[in-house]
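K.L.:
You'll find my_file_34.pdb just under this line, and it carries PDB, C-alpha atoms and all ligand atoms.
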```pdb
ATOM      1  CA  MET A   1       0.000   0.000   0.000
ATOM      2  CA  SER A   2       1.378   3.369  -0.958
ATOM      3  CA  PHE A   3       2.161   6.295   1.303
ATOM      4  CA  LYS A   4       3.435   9.199  -0.723
ATOM      5  CA  ILE A   5       3.670  12.936  -0.515
ATOM      6  CA  THR A   6       3.696  15.132  -3.626
ATOM      7  CA  ILE A   7       4.822  18.725  -3.277
ATOM      8  CA  LEU A   8       2.552  21.229  -5.030
ATOM      9  CA  GLY A   9       4.052  24.386  -3.550
ATOM     10  CA  SER A  10       7.275  25.241  -1.731
ATOM     11  CA  SER A  11       7.310  29.027  -1.600
ATOM     12  CA  GLY A  12       6.857  31.109   1.531
ATOM     13  CA  ALA A  13       4.547  34.146   1.465
ATOM     14  CA  VAL A  14       4.691  34.924  -2.274
ATOM     15  CA  PRO A  15       5.316  32.887  -5.442
ATOM     16  CA  ALA A  16       8.883  33.227  -6.721
ATOM     17  CA  TYR A  17      11.081  31.699  -9.454
ATOM     18  CA  GLY A  18       8.296  29.296 -10.485
ATOM     19  CA  ARG A  19       7.785  28.187  -6.888
ATOM     20  CA  MET A  20       4.179  28.217  -5.646
ATOM     21  CA  PRO A  21       2.773  28.791  -2.130
ATOM     22  CA  SER A  22       2.357  25.849   0.269
ATOM     23  CA  ALA A  23       0.300  22.823  -0.707
ATOM     24  CA  GLN A  24       0.916  19.076  -0.562
ATOM     25  CA  PHE A  25      -1.016  16.096  -1.833
ATOM     26  CA  VAL A  26      -0.773  13.011   0.353
ATOM     27  CA  GLU A  27      -1.891   9.565  -0.745
ATOM     28  CA  VAL A  28      -2.036   6.953   1.964
ATOM     29  CA  GLN A  29      -3.831   3.600   1.717
ATOM     30  CA  ASN A  30      -6.375   4.905  -0.810
ATOM     31  CA  HIS A  31      -6.982   8.090   1.138
ATOM     32  CA  TYR A  32      -6.282  11.337  -0.717
ATOM     33  CA  PHE A  33      -5.547  14.352   1.458
ATOM     34  CA  LEU A  34      -4.641  17.916   0.619
ATOM     35  CA  ILE A  35      -2.498  19.689   3.201
ATOM     36  CA  ASP A  36      -2.600  23.454   2.843
ATOM     37  CA  CYS A  37      -4.002  24.953  -0.309
ATOM     38  CA  GLY A  38      -1.940  27.924  -1.449
ATOM     39  CA  GLU A  39      -2.801  29.882  -4.557
ATOM     40  CA  GLY A  40      -2.641  27.697  -7.675
ATOM     41  CA  ALA A  41      -2.997  24.375  -5.821
ATOM     42  CA  GLN A  42      -5.685  23.113  -8.218
ATOM     43  CA  ILE A  43      -3.519  24.010 -11.219
ATOM     44  CA  GLN A  44      -0.621  22.110  -9.674
ATOM     45  CA  LEU A  45      -2.825  19.074  -8.991
ATOM     46  CA  THR A  46      -3.832  18.963 -12.650
ATOM     47  CA  LYS A  47      -0.265  19.507 -13.797
ATOM     48  CA  TYR A  48       0.928  16.469 -11.858
ATOM     49  CA  ASN A  49      -2.082  14.297 -12.789
ATOM     50  CA  LEU A  50      -3.356  13.984  -9.246
ATOM     51  CA  TYR A  51      -6.919  13.159  -8.280
ATOM     52  CA  LEU A  52      -8.573  16.456  -7.442
ATOM     53  CA  HIS A  53     -12.021  14.852  -7.301
ATOM     54  CA  ARG A  54     -10.890  12.115  -4.911
ATOM     55  CA  ILE A  55      -9.843  14.517  -2.161
ATOM     56  CA  ASP A  56     -12.344  14.311   0.695
ATOM     57  CA  HIS A  57     -10.296  15.999   3.423
ATOM     58  CA  ILE A  58      -8.382  19.274   3.244
ATOM     59  CA  PHE A  59      -6.217  20.315   6.179
ATOM     60  CA  ILE A  60      -5.307  24.019   6.452
ATOM     61  CA  SER A  61      -2.515  24.804   8.921
ATOM     62  CA  HIS A  62      -3.344  28.488   9.435
ATOM     63  CA  LEU A  63      -5.064  31.422   7.836
ATOM     64  CA  HIS A  64      -2.133  33.274   6.323
ATOM     65  CA  GLY A  65      -3.000  33.658   2.641
ATOM     66  CA  ASP A  66      -0.103  31.586   1.330
ATOM     67  CA  HIS A  67      -1.703  28.524   2.959
ATOM     68  CA  TYR A  68      -5.330  28.789   1.853
ATOM     69  CA  LEU A  69      -5.871  31.284  -0.987
ATOM     70  CA  GLY A  70      -6.120  28.447  -3.527
ATOM     71  CA  LEU A  71      -9.149  27.030  -1.794
ATOM     72  CA  MET A  72     -11.933  29.110  -3.345
ATOM     73  CA  GLY A  73     -10.860  28.337  -6.911
ATOM     74  CA  LEU A  74     -10.584  24.658  -6.081
ATOM     75  CA  LEU A  75     -14.063  24.617  -4.507
ATOM     76  CA  PHE A  76     -15.627  26.239  -7.568
ATOM     77  CA  THR A  77     -13.927  23.731  -9.859
ATOM     78  CA  LEU A  78     -15.289  20.846  -7.790
ATOM     79  CA  HIS A  79     -18.724  22.461  -8.013
ATOM     80  CA  LEU A  80     -18.507  22.874 -11.805
ATOM     81  CA  ASN A  81     -17.342  19.244 -12.050
ATOM     82  CA  ARG A  82     -20.586  18.315 -10.264
ATOM     83  CA  ARG A  83     -19.018  16.902  -7.154
ATOM     84  CA  ALA A  84     -21.756  15.533  -4.930
ATOM     85  CA  THR A  85     -19.916  14.007  -1.974
ATOM     86  CA  ASP A  86     -19.193  15.872   1.238
ATOM     87  CA  LEU A  87     -15.893  17.691   1.596
ATOM     88  CA  HIS A  88     -14.277  18.036   5.008
ATOM     89  CA  LEU A  89     -12.271  21.184   5.737
ATOM     90  CA  TYR A  90     -10.111  21.457   8.833
ATOM     91  CA  SER A  91      -8.739  24.822   9.956
ATOM     92  CA  HIS A  92      -8.503  27.299  12.780
ATOM     93  CA  LYS A  93     -11.511  29.521  13.414
ATOM     94  CA  GLY A  94     -12.634  31.767  10.561
ATOM     95  CA  LEU A  95     -12.365  29.695   7.398
ATOM     96  CA  ASP A  96     -16.108  29.006   7.338
ATOM     97  CA  GLU A  97     -16.806  32.742   7.501
ATOM     98  CA  ILE A  98     -14.327  33.454   4.690
ATOM     99  CA  ILE A  99     -15.849  30.843   2.387
ATOM    100  CA  ILE A 100     -19.486  31.560   3.193
ATOM    101  CA  THR A 101     -18.948  35.288   2.530
ATOM    102  CA  GLN A 102     -17.492  34.587  -0.909
ATOM    103  CA  LEU A 103     -20.335  32.240  -1.782
ATOM    104  CA  LYS A 104     -22.881  34.764  -0.549
ATOM    105  CA  TYR A 105     -21.651  37.606  -2.777
ATOM    106  CA  SER A 106     -21.303  35.425  -5.853
ATOM    107  CA  LYS A 107     -24.831  34.129  -5.183
ATOM    108  CA  SER A 108     -23.491  30.591  -5.452
ATOM    109  CA  ALA A 109     -24.650  27.422  -3.787
ATOM    110  CA  LEU A 110     -22.224  24.531  -4.119
ATOM    111  CA  ASN A 111     -23.487  21.148  -5.328
ATOM    112  CA  PHE A 112     -21.775  19.459  -2.430
ATOM    113  CA  LYS A 113     -21.720  19.972   1.302
ATOM    114  CA  ILE A 114     -18.699  21.371   3.129
ATOM    115  CA  ILE A 115     -18.227  20.114   6.657
ATOM    116  CA  PHE A 116     -16.090  22.531   8.656
ATOM    117  CA  HIS A 117     -13.927  21.241  11.493
ATOM    118  CA  THR A 118     -12.426  23.896  13.778
ATOM    119  CA  LEU A 119      -9.014  23.157  15.263
ATOM    120  CA  THR A 120      -8.255  23.928  18.883
ATOM    121  CA  PRO A 121      -5.236  26.235  19.271
ATOM    122  CA  GLY A 122      -2.298  24.931  21.276
ATOM    123  CA  VAL A 123      -3.724  21.431  21.720
ATOM    124  CA  GLN A 124      -2.730  18.089  20.203
ATOM    125  CA  GLU A 125      -5.952  16.471  19.037
ATOM    126  CA  ILE A 126      -6.994  13.652  16.755
ATOM    127  CA  ILE A 127      -9.114  15.261  14.048
ATOM    128  CA  TYR A 128      -9.557  12.288  11.733
ATOM    129  CA  GLU A 129      -9.613   8.571  12.428
ATOM    130  CA  ASP A 130     -10.661   5.417  10.633
ATOM    131  CA  LYS A 131      -9.623   1.749  10.645
ATOM    132  CA  GLN A 132      -6.302   2.398   8.937
ATOM    133  CA  LEU A 133      -4.998   5.725  10.200
ATOM    134  CA  THR A 134      -5.255   8.836  12.323
ATOM    135  CA  VAL A 135      -4.547  12.490  11.652
ATOM    136  CA  GLU A 136      -3.659  14.625  14.636
ATOM    137  CA  THR A 137      -2.737  18.284  14.994
ATOM    138  CA  ILE A 138       0.734  19.471  15.989
ATOM    139  CA  PRO A 139       0.607  22.829  17.836
ATOM    140  CA  LEU A 140       3.173  25.213  16.314
ATOM    141  CA  SER A 141       4.493  28.640  17.310
ATOM    142  CA  HIS A 142       3.710  31.327  14.747
ATOM    143  CA  LYS A 143       2.190  34.829  14.481
ATOM    144  CA  ILE A 144      -1.352  33.460  14.428
ATOM    145  CA  ASN A 145      -2.843  30.132  15.521
ATOM    146  CA  CYS A 146      -1.083  27.469  13.509
ATOM    147  CA  SER A 147      -1.091  23.671  13.582
ATOM    148  CA  GLY A 148       0.864  21.050  11.744
ATOM    149  CA  PHE A 149      -0.576  17.632  10.971
ATOM    150  CA  LEU A 150       0.663  14.165  11.836
ATOM    151  CA  ILE A 151      -0.610  11.275   9.747
ATOM    152  CA  ARG A 152      -0.032   7.879  11.331
ATOM    153  CA  GLU A 153      -0.965   4.437  10.141
ATOM    154  CA  LYS A 154      -2.471   2.220  12.813
ATOM    155  CA  GLU A 155      -0.964  -1.139  13.607
ATOM    156  CA  LYS A 156      -1.549  -3.443  10.651
ATOM    157  CA  PRO A 157      -2.856  -7.031  10.778
ATOM    158  CA  ARG A 158      -0.435  -9.956  10.823
ATOM    159  CA  ARG A 159       0.240 -11.380   7.370
ATOM    160  CA  ILE A 160      -0.707 -14.904   6.402
ATOM    161  CA  ASP A 161       2.375 -16.976   5.593
ATOM    162  CA  LYS A 162       1.130 -18.747   2.455
ATOM    163  CA  THR A 163       4.128 -21.078   2.381
ATOM    164  CA  VAL A 164       2.966 -22.892   5.535
ATOM    165  CA  LEU A 165      -0.801 -22.410   5.339
ATOM    166  CA  PRO A 166      -2.677 -25.760   5.571
ATOM    167  CA  GLU A 167      -5.304 -26.403   2.916
ATOM    168  CA  GLY A 168      -9.018 -26.249   3.621
ATOM    169  CA  LEU A 169      -9.147 -23.423   6.152
ATOM    170  CA  ALA A 170     -12.466 -21.572   6.284
ATOM    171  CA  TYR A 171     -12.635 -17.850   5.486
ATOM    172  CA  THR A 172     -13.511 -17.096   9.120
ATOM    173  CA  GLN A 173     -10.382 -18.980  10.216
ATOM    174  CA  ILE A 174      -8.250 -16.905   7.845
ATOM    175  CA  LEU A 175      -9.782 -13.743   9.303
ATOM    176  CA  ALA A 176      -9.034 -15.013  12.810
ATOM    177  CA  LEU A 177      -5.392 -15.540  11.844
ATOM    178  CA  LYS A 178      -5.164 -12.007  10.442
ATOM    179  CA  ALA A 179      -6.603 -10.695  13.700
ATOM    180  CA  GLY A 180      -3.794 -12.445  15.588
ATOM    181  CA  GLU A 181      -5.941 -15.270  16.981
ATOM    182  CA  ASP A 182      -5.192 -18.997  17.121
ATOM    183  CA  ILE A 183      -7.382 -21.488  15.235
ATOM    184  CA  LEU A 184      -9.499 -23.570  17.584
ATOM    185  CA  ASP A 185     -11.602 -26.688  17.194
ATOM    186  CA  GLU A 186     -15.234 -26.839  18.393
ATOM    187  CA  ASN A 187     -14.096 -27.706  21.918
ATOM    188  CA  GLY A 188     -11.868 -24.668  22.117
ATOM    189  CA  ASN A 189      -8.602 -26.551  21.728
ATOM    190  CA  VAL A 190      -5.843 -24.909  19.678
ATOM    191  CA  ILE A 191      -5.345 -26.604  16.309
ATOM    192  CA  HIS A 192      -2.983 -24.036  14.824
ATOM    193  CA  LYS A 193      -1.006 -21.453  16.781
ATOM    194  CA  ASN A 194      -1.208 -18.058  15.145
ATOM    195  CA  GLN A 195       2.547 -17.507  15.270
ATOM    196  CA  MET A 196       3.136 -20.659  13.205
ATOM    197  CA  LEU A 197       1.017 -19.512  10.266
ATOM    198  CA  THR A 198       1.565 -15.762  10.166
ATOM    199  CA  LEU A 199       4.307 -13.212   9.703
ATOM    200  CA  PRO A 200       4.627  -9.971  11.696
ATOM    201  CA  PRO A 201       2.611  -6.997  10.388
ATOM    202  CA  ARG A 202       4.204  -4.569   7.976
ATOM    203  CA  LYS A 203       5.439  -1.449   9.716
ATOM    204  CA  SER A 204       3.113   1.452  10.436
ATOM    205  CA  ARG A 205       4.346   4.591   8.722
ATOM    206  CA  SER A 206       4.053   8.238   9.727
ATOM    207  CA  TYR A 207       4.374  11.700   8.227
ATOM    208  CA  ALA A 208       4.589  14.976  10.143
ATOM    209  CA  TYR A 209       3.870  18.265   8.398
ATOM    210  CA  CYS A 210       5.179  21.251  10.332
ATOM    211  CA  SER A 211       4.286  24.389   8.435
ATOM    212  CA  ASP A 212       4.934  27.923   9.613
ATOM    213  CA  THR A 213       6.666  27.968  12.977
ATOM    214  CA  GLN A 214       9.634  29.407  14.741
ATOM    215  CA  TYR A 215      12.118  26.961  16.259
ATOM    216  CA  TYR A 216       9.893  25.131  18.708
ATOM    217  CA  GLU A 217      11.178  22.212  20.773
ATOM    218  CA  ASN A 218       7.736  21.536  22.259
ATOM    219  CA  LEU A 219       6.887  19.581  19.145
ATOM    220  CA  LEU A 220       9.791  17.135  19.533
ATOM    221  CA  SER A 221       8.027  14.571  21.694
ATOM    222  CA  GLN A 222       5.054  14.371  19.353
ATOM    223  CA  ILE A 223       7.075  13.881  16.161
ATOM    224  CA  LYS A 224       9.732  11.606  17.693
ATOM    225  CA  GLY A 225      10.798   8.918  15.229
ATOM    226  CA  VAL A 226       8.401   9.744  12.393
ATOM    227  CA  ASP A 227       9.448   8.343   9.015
ATOM    228  CA  VAL A 228       9.274  11.671   7.226
ATOM    229  CA  LEU A 229       9.187  15.179   8.663
ATOM    230  CA  TYR A 230       8.349  18.224   6.592
ATOM    231  CA  HIS A 231       9.570  21.357   8.379
ATOM    232  CA  GLU A 232       9.535  24.891   7.093
ATOM    233  CA  ALA A 233      12.919  26.461   6.403
ATOM    234  CA  THR A 234      12.151  29.999   5.293
ATOM    235  CA  PHE A 235      15.575  31.569   5.856
ATOM    236  CA  THR A 236      19.301  30.886   5.995
ATOM    237  CA  THR A 237      21.201  31.452   9.253
ATOM    238  CA  GLU A 238      22.342  34.854   8.006
ATOM    239  CA  GLU A 239      18.694  35.970   8.197
ATOM    240  CA  LYS A 240      18.123  34.561  11.692
ATOM    241  CA  ASP A 241      16.918  37.986  12.925
ATOM    242  CA  LYS A 242      14.309  38.057  10.183
ATOM    243  CA  ALA A 243      13.247  34.503  11.079
ATOM    244  CA  ASP A 244      12.767  35.485  14.721
ATOM    245  CA  GLU A 245      10.864  38.633  13.842
ATOM    246  CA  THR A 246       8.436  36.818  11.520
ATOM    247  CA  MET A 247       8.239  33.660  13.666
ATOM    248  CA  HIS A 248       9.704  31.415  11.005
ATOM    249  CA  SER A 249      12.624  28.949  11.116
ATOM    250  CA  THR A 250      16.014  28.835   9.486
ATOM    251  CA  ALA A 251      17.062  25.759   7.534
ATOM    252  CA  ALA A 252      19.607  24.974  10.256
ATOM    253  CA  GLU A 253      16.830  25.031  12.856
ATOM    254  CA  ALA A 254      14.746  22.639  10.743
ATOM    255  CA  GLY A 255      17.798  20.336  10.677
ATOM    256  CA  MET A 256      18.159  20.584  14.462
ATOM    257  CA  ILE A 257      14.516  19.635  14.997
ATOM    258  CA  ALA A 258      14.891  16.628  12.647
ATOM    259  CA  SER A 259      18.041  15.536  14.432
ATOM    260  CA  LYS A 260      16.631  15.896  17.949
ATOM    261  CA  ALA A 261      13.438  14.077  16.958
ATOM    262  CA  THR A 262      15.471  11.284  15.264
ATOM    263  CA  VAL A 263      13.187  11.235  12.235
ATOM    264  CA  GLY A 264      13.933   9.097   9.176
ATOM    265  CA  ARG A 265      14.013  11.847   6.594
ATOM    266  CA  LEU A 266      13.637  15.628   6.494
ATOM    267  CA  LEU A 267      11.912  17.647   3.783
ATOM    268  CA  ILE A 268      12.350  21.415   3.893
ATOM    269  CA  GLY A 269      10.204  24.041   2.206
ATOM    270  CA  HIS A 270       8.422  27.418   2.507
ATOM    271  CA  PHE A 271      11.447  29.167   1.043
ATOM    272  CA  SER A 272      11.678  32.944   1.116
ATOM    273  CA  ALA A 273      11.462  34.759  -2.220
ATOM    274  CA  ARG A 274      14.905  36.231  -1.518
ATOM    275  CA  TYR A 275      16.561  32.907  -2.494
ATOM    276  CA  LYS A 276      16.726  31.982  -6.131
ATOM    277  CA  GLU A 277      19.063  29.083  -5.425
ATOM    278  CA  LEU A 278      18.117  26.686  -2.629
ATOM    279  CA  THR A 279      21.401  24.816  -2.246
ATOM    280  CA  LEU A 280      22.572  26.921   0.696
ATOM    281  CA  LEU A 281      19.346  26.219   2.597
ATOM    282  CA  ARG A 282      19.738  22.484   2.047
ATOM    283  CA  ASN A 283      23.396  22.555   3.052
ATOM    284  CA  GLU A 284      22.643  24.423   6.266
ATOM    285  CA  ALA A 285      19.972  21.873   7.224
ATOM    286  CA  MET A 286      22.295  18.992   6.308
ATOM    287  CA  GLN A 287      24.918  20.215   8.770
ATOM    288  CA  HIS A 288      22.510  19.034  11.472
ATOM    289  CA  PHE A 289      20.628  16.283   9.661
ATOM    290  CA  ALA A 290      22.166  14.567   6.640
ATOM    291  CA  ASN A 291      19.051  12.981   5.112
ATOM    292  CA  THR A 292      17.501  16.282   4.007
ATOM    293  CA  SER A 293      15.697  16.957   0.712
ATOM    294  CA  LEU A 294      14.230  20.086  -0.819
ATOM    295  CA  ALA A 295      10.438  19.822  -0.952
ATOM    296  CA  VAL A 296      10.068  21.411  -4.357
ATOM    297  CA  GLU A 297       7.209  21.363  -6.865
ATOM    298  CA  GLY A 298       6.511  18.030  -8.526
ATOM    299  CA  GLU A 299       8.737  15.951  -6.225
ATOM    300  CA  THR A 300       7.084  12.864  -4.766
ATOM    301  CA  PHE A 301       8.427  11.273  -1.609
ATOM    302  CA  GLN A 302       7.414   7.699  -0.933
ATOM    303  CA  ILE A 303       7.519   6.030   2.481
ATOM    304  CA  GLU A 304       8.264   2.327   2.145
ATOM    305  CA  GLU A 305       6.523  -0.263   4.293
TER     306      GLU A 305
HETATM  307 ZN    ZN A 401       3.441  30.757   5.149
HETATM  308 ZN    ZN A 402       2.279  31.974   8.222
END
```
Using the file provided, produce a representation of the structure as structure tokens.
Ligand SMILES: [Zn+2]
Ligand SMILES: [Zn+2]

P.N.:
Amino acid sequence: MSFKITILGSSGAVPAYGRMPSAQFVEVQNHYFLIDCGEGAQIQLTKYNLYLHRIDHIFISHLHGDHYLGLMGLLFTLHLNRRATDLHLYSHKGLDEIIITQLKYSKSALNFKIIFHTLTPGVQEIIYEDKQLTVETIPLSHKINCSGFLIREKEKPRRIDKTVLPEGLAYTQILALKAGEDILDENGNVIHKNQMLTLPPRKSRSYAYCSDTQYYENLLSQIKGVDVLYHEATFTTEEKDKADETMHSTAAEAGMIASKATVGRLLIGHFSARYKELTLLRNEAMQHFANTSLAVEGETFQIEE
């Protein structure tokens, strides 16, 4: 089962040098999520042949324009494409007002229903859950209420070892094996021990998206050991004063967070328009955490099982 992240936008604040504002498309076990929706997100989705119509959940980290201004255009496209299924939008307080006002003055009623979910500032909370995975918020430290998102797969079922499976087992017995149970006869005696016929589950993967934030060690415990961490890296160390003033991070700080949280891989993004070349930002992060990549438009990062 795939778990992959495609970068639609990597620019902080304004588009620059062909880089677009923040947006990421995440595909995990047949779920299709959009995380942040900067200007042009729908155009980027089309450009990279991603399934706009299959997105049922959109997570907005905060209400600075570079993280949500692509939303209205995307909603109208879904409407014109005759979407009928509900769309869930998660954000801090105010997004419903923004959207409803725009619909009101264009005298538009969407074909589909939007279900607004309001995030609680400063609190880690599970905002989405099903049989396969959870999405929880990561409180960040920025100029306005801002939350990252942590997508975690739940523990997976044990895998049937076909090489040792006896013939003639009933479907219910196979299900019992997958659930980790032994196979019993009608008197409750064990016929087959689960461990003999199954292999351990595949690993549960995780992705943490930490958008706009200053260097913030409070998030370390929550993101400890995730497979992939996206962390903003707006500035180089030379612009540390600017980072502090605007409550953003330097690339070196993103590297420090990745290192302290012992993550598997670091993606950096939200680059300031002052940098045409991004190599220096990557190098500064790599001084603290070697496995760092630039989260630039069109790149897809896969997490293996
Ligand atoms: Zn931003
Ligand atoms: Zn911001």

K.L.:
Which residues are near ligand ZN 401 (chain A) in this structure, taking near to mean any atom at most 8 Å from a ligand atom and counting all atoms listed in the file? Format them as JSON, numbers by chain.

P.N.:
{"A": [11, 12, 13, 21, 22, 64, 65, 66, 67, 211, 212, 270]}

K.L.:
Those residues you just picked out, can you put them in a file as a compact mmCIF listing (two decimals), in the coordinates of the input with C-alpha atoms?

P.N.:
```txt
# COMPACT_ATOMS: atom_id res chain seq x y z
CA SER A 11 7.31 29.03 -1.60
CA GLY A 12 6.86 31.11 1.53
CA ALA A 13 4.55 34.15 1.46
CA PRO A 21 2.77 28.79 -2.13
CA SER A 22 2.36 25.85 0.27
CA HIS A 64 -2.13 33.27 6.32
CA GLY A 65 -3.00 33.66 2.64
CA ASP A 66 -0.10 31.59 1.33
CA HIS A 67 -1.70 28.52 2.96
CA SER A 211 4.29 24.39 8.44
CA ASP A 212 4.93 27.92 9.61
CA HIS A 270 8.42 27.42 2.51
```

K.L.:
Please determine the residues with any atom at most 8 Å from (4.2, -2.5, 9.5) (coordinates as given in the file, with all atoms listed in the file counting) and report them as JSON, numbers by chain.

P.N.:
{"A": [155, 156, 200, 201, 202, 203, 204, 205, 305]}

K.L.:
My list of candidates is A:Gly225, A:Gly298, A:Gly40, A:Gly148. Which is closest to ligand ZN 402 (chain A) when distances are computed with all atoms listed in the file?

P.N.:
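Among A:Gly225, A:Gly298, A:Gly40, A:Gly148, it is A:Gly148 that comes nearest to ligand ZN 402 (chain A).
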
K.L.:
Quick one: everything within 8 Å of stretch 85-96 of chain A, counting only C-alpha atoms, minus sequence neighbours fewer than 2 positions away in the same chain. Send it as a list in words.

P.N.:
Ile55, Asp56, His57, Ile58, Phe59, Ile60, Ser61, His62, Leu63, Arg83, Ile98, Ile99, Ile100, Phe112, Lys113, Ile114, Ile115, Phe116, His117, Thr118, Leu119, Thr120, Pro121, Asn145 and Cys146 of chain A

K.L.:
Measuring atom to atom with all atoms listed in the file, identify which of A:Ala170, A:Ile43, A:Val164, A:Gln222 is nearest to A:Glu125.

P.N.:
A:Gln222

K.L.:
Given the file above and the PyMOL selection byres (((chain A and resi 272) around 9) and not hetatm), which residues are selected, and can you give them as a PyMOL selection string?

P.N.:
chain A and resi 11-14+16+233-235+270-271+273-276

K.L.:
One decimal, Å: what's the distance from atom CA of A:Ser10 over to atom CA of A:Ala208, could you say?

P.N.:
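Straight-line distance from atom CA of A:Ser10 to atom CA of A:Ala208 works out to 15.9 Å.
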
K.L.:
Evaluate the PyMOL selection byres (((chain A and resi 253-255) around 12) and not hetatm) on the structure here and hand back the selected residues as a ChimeraX atom specification.

P.N.:
/A:209-217,219-220,229-237,240,243-244,248-252,256-270,281-294

K.L.:
Could you save those same residues with C-alpha atoms as a PDB file, in the frame of the given file?

P.N.:
```pdb
ATOM      1  CA  TYR A 209       3.870  18.265   8.398  1.00  0.00           C
ATOM      2  CA  CYS A 210       5.179  21.251  10.332  1.00  0.00           C
ATOM      3  CA  SER A 211       4.286  24.389   8.435  1.00  0.00           C
ATOM      4  CA  ASP A 212       4.934  27.923   9.613  1.00  0.00           C
ATOM      5  CA  THR A 213       6.666  27.968  12.977  1.00  0.00           C
ATOM      6  CA  GLN A 214       9.634  29.407  14.741  1.00  0.00           C
ATOM      7  CA  TYR A 215      12.118  26.961  16.259  1.00  0.00           C
ATOM      8  CA  TYR A 216       9.893  25.131  18.708  1.00  0.00           C
ATOM      9  CA  GLU A 217      11.178  22.212  20.773  1.00  0.00           C
ATOM     10  CA  LEU A 219       6.887  19.581  19.145  1.00  0.00           C
ATOM     11  CA  LEU A 220       9.791  17.135  19.533  1.00  0.00           C
ATOM     12  CA  LEU A 229       9.187  15.179   8.663  1.00  0.00           C
ATOM     13  CA  TYR A 230       8.349  18.224   6.592  1.00  0.00           C
ATOM     14  CA  HIS A 231       9.570  21.357   8.379  1.00  0.00           C
ATOM     15  CA  GLU A 232       9.535  24.891   7.093  1.00  0.00           C
ATOM     16  CA  ALA A 233      12.919  26.461   6.403  1.00  0.00           C
ATOM     17  CA  THR A 234      12.151  29.999   5.293  1.00  0.00           C
ATOM     18  CA  PHE A 235      15.575  31.569   5.856  1.00  0.00           C
ATOM     19  CA  THR A 236      19.301  30.886   5.995  1.00  0.00           C
ATOM     20  CA  THR A 237      21.201  31.452   9.253  1.00  0.00           C
ATOM     21  CA  LYS A 240      18.123  34.561  11.692  1.00  0.00           C
ATOM     22  CA  ALA A 243      13.247  34.503  11.079  1.00  0.00           C
ATOM     23  CA  ASP A 244      12.767  35.485  14.721  1.00  0.00           C
ATOM     24  CA  HIS A 248       9.704  31.415  11.005  1.00  0.00           C
ATOM     25  CA  SER A 249      12.624  28.949  11.116  1.00  0.00           C
ATOM     26  CA  THR A 250      16.014  28.835   9.486  1.00  0.00           C
ATOM     27  CA  ALA A 251      17.062  25.759   7.534  1.00  0.00           C
ATOM     28  CA  ALA A 252      19.607  24.974  10.256  1.00  0.00           C
ATOM     29  CA  MET A 256      18.159  20.584  14.462  1.00  0.00           C
ATOM     30  CA  ILE A 257      14.516  19.635  14.997  1.00  0.00           C
ATOM     31  CA  ALA A 258      14.891  16.628  12.647  1.00  0.00           C
ATOM     32  CA  SER A 259      18.041  15.536  14.432  1.00  0.00           C
ATOM     33  CA  LYS A 260      16.631  15.896  17.949  1.00  0.00           C
ATOM     34  CA  ALA A 261      13.438  14.077  16.958  1.00  0.00           C
ATOM     35  CA  THR A 262      15.471  11.284  15.264  1.00  0.00           C
ATOM     36  CA  VAL A 263      13.187  11.235  12.235  1.00  0.00           C
ATOM     37  CA  GLY A 264      13.933   9.097   9.176  1.00  0.00           C
ATOM     38  CA  ARG A 265      14.013  11.847   6.594  1.00  0.00           C
ATOM     39  CA  LEU A 266      13.637  15.628   6.494  1.00  0.00           C
ATOM     40  CA  LEU A 267      11.912  17.647   3.783  1.00  0.00           C
ATOM     41  CA  ILE A 268      12.350  21.415   3.893  1.00  0.00           C
ATOM     42  CA  GLY A 269      10.204  24.041   2.206  1.00  0.00           C
ATOM     43  CA  HIS A 270       8.422  27.418   2.507  1.00  0.00           C
ATOM     44  CA  LEU A 281      19.346  26.219   2.597  1.00  0.00           C
ATOM     45  CA  ARG A 282      19.738  22.484   2.047  1.00  0.00           C
ATOM     46  CA  ASN A 283      23.396  22.555   3.052  1.00  0.00           C
ATOM     47  CA  GLU A 284      22.643  24.423   6.266  1.00  0.00           C
ATOM     48  CA  ALA A 285      19.972  21.873   7.224  1.00  0.00           C
ATOM     49  CA  MET A 286      22.295  18.992   6.308  1.00  0.00           C
ATOM     50  CA  GLN A 287      24.918  20.215   8.770  1.00  0.00           C
ATOM     51  CA  HIS A 288      22.510  19.034  11.472  1.00  0.00           C
ATOM     52  CA  PHE A 289      20.628  16.283   9.661  1.00  0.00           C
ATOM     53  CA  ALA A 290      22.166  14.567   6.640  1.00  0.00           C
ATOM     54  CA  ASN A 291      19.051  12.981   5.112  1.00  0.00           C
ATOM     55  CA  THR A 292      17.501  16.282   4.007  1.00  0.00           C
ATOM     56  CA  SER A 293      15.697  16.957   0.712  1.00  0.00           C
ATOM     57  CA  LEU A 294      14.230  20.086  -0.819  1.00  0.00           C
TER      58      LEU A 294
END
```

K.L.:
Selection in question (the file shown): the PyMOL selection byres (((chain A and resi 303) around 8) and not hetatm). Which residues does it include, as a PyMOL selection string?

P.N.:
chain A and resi 2-4+205+227-228+301-302+304-305

K.L.:
Find the residue from A:Leu71, A:Thr246, A:Glu181, A:Asp130 that sits nearest to ligand ZN 402 (chain A); use all atoms listed in the file when measuring.

P.N.:
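Ranking A:Leu71, A:Thr246, A:Glu181, A:Asp130 by distance to ligand ZN 402 (chain A), first place goes to A:Thr246.
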
K.L.:
Any idea what the distance is between atom CA of A:His142 and atom CA of A:Thr6?

P.N.:
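For atom CA of A:His142 relative to atom CA of A:Thr6, the distance reads 24.5 Å.
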
K.L.:
Go ahead and compute the interatomic distance for atom CA of A:Glu129 and atom CA of A:Gln42, in Å to one decimal.

P.N.:
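Atom-to-atom, atom CA of A:Glu129 and atom CA of A:Gln42 are spaced 25.6 Å apart.
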
K.L.:
Pick the closest to ligand ZN 402 (chain A) from A:Tyr171, A:Tyr32, A:Tyr105, A:Tyr68: which is it, counting all atoms listed in the file?

P.N.:
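Residue with the minimum atom-to-atom distance to ligand ZN 402 (chain A): A:Tyr68.
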